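Q: Right, I'll just put the structure down here and ask away after.
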Amino acid sequence: MRRLLAILIPGLLLLTACGGEPAAPEPTSQSAGETAKLDSLKLTENGDKKAPTVEFTKPLDVTEPTVKVVTEGSGDRVKANQVAEVSVLALNGKDGATLDDSFPKDPQPVELNDELKTQSPIIYNAFVGAKIGSHLALAAPGQAAAQGGQAQPSQLLIIKVLSAKDAPKVLDKPEGDSVTPPAGLPKVTEKDGVPELDVKGVAAPKELIAQDLIKGKGPEVKATDTLTVNYVGVALASGKKFDSSFDRKQKATFPLNNVIKGWTQGLTGKTVGSRVLLVIPKALAYGDAGQGEAKGDLVFVVDILGAK
């Protein structure tokens with residue numbers, strides 16, 4: 001959902017955030033915007049994994065983000081702080097042409113957290129209280145022509161709410177079974193819950209090492225997941241610490257496919273709750289140039305506290 005919104009409706013989150021503080025969600029989904037312009041909208045179901053047939057008066061032209069429940073499902077209502085699984089059909093508001101269709105693909109998650117509530121209250125309040133099986137219509141205004149470009153027509157998203165579940169728990173510290181690492185690796189001790197690294201005498205790695213120190217019992221991490229972690233990193237050659245979320249007293253959250261290769265490769269397949277020792281060759285880190293004090297081969301201890 002977020003990927004489609006970012007690709008198909010540039011600036012939508014900004015536009016929907018301009019209305020000030022979001023209203024407290026009601027027990028039922030809240031419509032917003034120029035909803036009368038969606039009165040002509042009719043949907044015909046075509047079965048599982050297929051987008052509905054959509055009819056509406058063309059061209060559809062709205063001046064503000066508009067959302068409305070088109071058909072109400074028969075399932076439970078979606079709650080705040082849950083993750084809704086959705087399928088999305090994106091249409092050109094001018095002529096109804098299909099821009100994107102995720103119905104044949106795996107459902108996309110929408111996390112109904114405080115971040116979404118603040119950034120996009122219209123979307124948040126439409127989902128919270130909607131029944132499972134409902135179809136929501138989201139219309140976004142067209143975009144004026146940028147210099148050297150063309151104007152973009154309004155766009156219409158048809159969103160089917162397939163399911164909802166509670167958001168994955170984020171741990172405060174690793175939870176699992178202790179693992180004794182083999183000899184020759186950096187030594188890891190703990191002081192007041194914070195891992196400390198000793199890399200003296202450790203040979204430069206010939207390949208990536210990803211060693212569990214605590215084996216968590218949570219779900220396996222996928223390369224496409226967004227992780228919440230605590231970590232500390234040192235340069236192998238100097239033993240100098242160059243980064244630590246523990247020092248900042250703030251967990252880090254990031255897409256695993258948007259970090260150095262040593263993290264992506266080393267943490268994929270690990271489990272939530274684990275503490276992992278990563279010994280990363282410079283080729284899988286920041287290369288010969290390095291990044292600040294993170295130069296050469298790097299060593300990290302990473303506590304995997306959550307994945308989504």
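Following the order of the structure tokens, chains are lettered A, B, ..., residues in each are numbered from 1, and ligands are numbered from 1.
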Which segment 20-74 of chain A residues have any atom within 9 Å of an atom of segment 86-100 of chain A, and for each, what is the nearest pair of atoms with distance in Å to one decimal, counting only C-alpha atoms, rows sorted by chain and number, as JSON lines?

A:
```
{"residue": "A:Lys49", "atom": "CA", "partner": "A:Ser87", "partner_atom": "CA", "distance": 8.6}
{"residue": "A:Ala51", "atom": "CA", "partner": "A:Leu89", "partner_atom": "CA", "distance": 6.6}
{"residue": "A:Pro52", "atom": "CA", "partner": "A:Leu89", "partner_atom": "CA", "distance": 8.4}
{"residue": "A:Val54", "atom": "CA", "partner": "A:Gly96", "partner_atom": "CA", "distance": 8.3}
{"residue": "A:Glu55", "atom": "CA", "partner": "A:Gly96", "partner_atom": "CA", "distance": 8.3}
{"residue": "A:Phe56", "atom": "CA", "partner": "A:Gly96", "partner_atom": "CA", "distance": 8.1}
{"residue": "A:Lys58", "atom": "CA", "partner": "A:Lys94", "partner_atom": "CA", "distance": 5.9}
{"residue": "A:Pro59", "atom": "CA", "partner": "A:Lys94", "partner_atom": "CA", "distance": 4.2}
{"residue": "A:Leu60", "atom": "CA", "partner": "A:Gly93", "partner_atom": "CA", "distance": 4.9}
{"residue": "A:Asp61", "atom": "CA", "partner": "A:Gly93", "partner_atom": "CA", "distance": 6.9}
```

Q: List the neighbours of Lys200 of chain A out to 9 Å using only C-alpha atoms; skip same-chain residues closer than 4 positions along the sequence, and give me the result as a tab-separated table (two decimals) with all heavy atoms, in the first residue's frame.

A:
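Output file out.tsv follows:
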```tsv
chain	number	residue	atom	x	y	z
A	186	PRO	N	35.48	-12.19	17.51
A	186	PRO	CA	35.51	-11.13	18.52
A	186	PRO	C	34.78	-11.56	19.79
A	186	PRO	O	33.77	-12.27	19.73
A	186	PRO	CB	34.79	-9.97	17.82
A	186	PRO	CG	35.01	-10.21	16.36
A	186	PRO	CD	34.98	-11.71	16.21
A	187	LYS	N	35.28	-11.11	20.93
A	187	LYS	CA	34.67	-11.44	22.21
A	187	LYS	C	33.59	-10.41	22.54
A	187	LYS	O	33.81	-9.20	22.39
A	187	LYS	CB	35.71	-11.47	23.31
A	187	LYS	CG	36.75	-12.58	23.13
A	187	LYS	CD	37.79	-12.55	24.24
A	187	LYS	CE	38.84	-13.64	24.04
A	187	LYS	NZ	39.89	-13.58	25.10
A	236	LEU	N	37.31	-3.19	12.77
A	236	LEU	CA	38.14	-4.33	13.19
A	236	LEU	C	39.61	-3.93	13.37
A	236	LEU	O	40.25	-4.34	14.33
A	236	LEU	CB	38.02	-5.46	12.17
A	236	LEU	CG	38.84	-6.72	12.46
A	236	LEU	CD1	38.41	-7.34	13.79
A	236	LEU	CD2	38.69	-7.74	11.33
A	237	ALA	N	40.13	-3.11	12.47
A	237	ALA	CA	41.55	-2.77	12.52
A	237	ALA	C	41.91	-1.97	13.76
A	237	ALA	O	42.94	-2.21	14.41
A	237	ALA	CB	41.95	-2.01	11.26
A	238	SER	N	41.06	-1.02	14.13
A	238	SER	CA	41.37	-0.13	15.25
A	238	SER	C	40.69	-0.54	16.55
A	238	SER	O	41.13	-0.13	17.64
A	238	SER	CB	40.95	1.30	14.91
A	238	SER	OG	39.54	1.39	14.79
A	239	GLY	N	39.62	-1.30	16.45
A	239	GLY	CA	38.83	-1.64	17.63
A	239	GLY	C	38.00	-0.48	18.13
A	239	GLY	O	37.39	-0.57	19.21
```

Q: Per residue of segment 205-263 of chain A within 12 Å of segment 281-294 of chain A, which atom pair is closest and at what distance in Å (one decimal), using only C-alpha atoms, listed by chain and increasing number, as CSV?

A:
```
residue,atom,partner,partner_atom,distance
A:Pro205,CA,A:Pro281,CA,5.8
A:Lys206,CA,A:Pro281,CA,6.8
A:Glu207,CA,A:Pro281,CA,6.3
A:Leu208,CA,A:Pro281,CA,6.2
A:Ile209,CA,A:Pro281,CA,8.8
A:Ala210,CA,A:Pro281,CA,11.5
A:Val232,CA,A:Ala294,CA,11.7
A:Gly233,CA,A:Ala294,CA,8.3
A:Val234,CA,A:Ala294,CA,7.4
A:Ala235,CA,A:Ala294,CA,6.0
A:Leu236,CA,A:Ala294,CA,9.4
A:Ala237,CA,A:Ala294,CA,10.3
A:Ser238,CA,A:Glu293,CA,9.8
A:Gly239,CA,A:Ala294,CA,10.7
A:Lys240,CA,A:Glu293,CA,8.3
A:Lys241,CA,A:Glu293,CA,8.4
A:Phe242,CA,A:Glu293,CA,5.8
A:Asp243,CA,A:Ala294,CA,8.3
A:Ser244,CA,A:Ala294,CA,11.9
A:Val259,CA,A:Ala285,CA,9.1
A:Ile260,CA,A:Ala285,CA,5.4
A:Lys261,CA,A:Leu284,CA,5.0
A:Gly262,CA,A:Leu284,CA,4.9
A:Trp263,CA,A:Ala285,CA,8.4
```

Q: Of the candidates A:Gly75, A:Pro104, A:Pro255, A:Pro109, which shows the shortest atom-to-atom distance to Gly47 of chain A, using only C-alpha atoms?

A: A:Pro104

Q: So what do you get for atom CA of Pro195 of chain A versus atom CA of Lys251 of chain A, distance-wise?

A: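 Computing it gives 14.2 Å between the two atoms.
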
Q: Run DSSP on the backbone and give me the residues of segment 1-220 of chain A it puts in alpha helix (DSSP H), as a ChimeraX atom specification.

A: /A:2-8,12-16,114-119,121-127

Q: What residues in segment 68-308 of chain A get the DSSP label strand (DSSP E or B)? Please answer as a VMD selection string.

A: chain A and resid 68 to 71 77 82 to 92 98 to 101 108 to 111 131 135 to 140 143 152 155 to 166 176 to 178 187 to 191 194 to 198 209 to 216 220 226 to 235 241 to 244 252 to 255 271 275 to 280 291 294 298 to 307

Q: Nearest to Ile132 of chain A: which of A:Val202, A:Val83, A:Val62, A:Val179 is it, counting only C-alpha atoms?

A: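 Nearest to Ile132 of chain A: A:Val83.
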
Q: Identify which of the residues A:Val78, A:Leu305, A:Ala223, A:Ala204 lies closest to Ala130 of chain A, counting only C-alpha atoms when measuring atom-to-atom distances.

A: A:Val78

Q: Do you know which residues are at most 12 Å from Ala144 of chain A counting only C-alpha atoms, after dropping those on the same chain fewer than 6 positions away, and could you put them as a list of chain:residue names?

A: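 Skipping anything fewer than 6 positions along the chain leaves A:Pro10, A:Thr63, A:Gln150, A:Ala151, A:Gln152, A:Pro153, A:Ser154.
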
Q: Which residue is closest to Ala140 of chain A? Choose from A:Gly33, A:Gly73, A:Pro168, A:Gly201 and count only C-alpha atoms.

A: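 Among the listed residues, A:Gly33 lies closest to Ala140 of chain A.
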
Q: Determine the nearest neighbour of Asp166 of chain A from the options A:Ile280, A:Val69, A:Ala84, A:Leu213, counting only C-alpha atoms.

A: A:Ala84

Q: From the set A:Phe103, A:Tyr124, A:Phe254, A:Phe300, which residue has the shortest atom-to-atom contact distance to Asn46 of chain A, counting only C-alpha atoms?

A: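 Distance minimum relative to Asn46 of chain A lands on A:Phe103.
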
Q: For a test of reading the model, state the distance in Å between atom CA of Val67 of chain A and atom CA of Leu116 of chain A, rounded to one decimal.

A: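 Atom CA of Val67 of chain A sits 15.3 Å away from atom CA of Leu116 of chain A.
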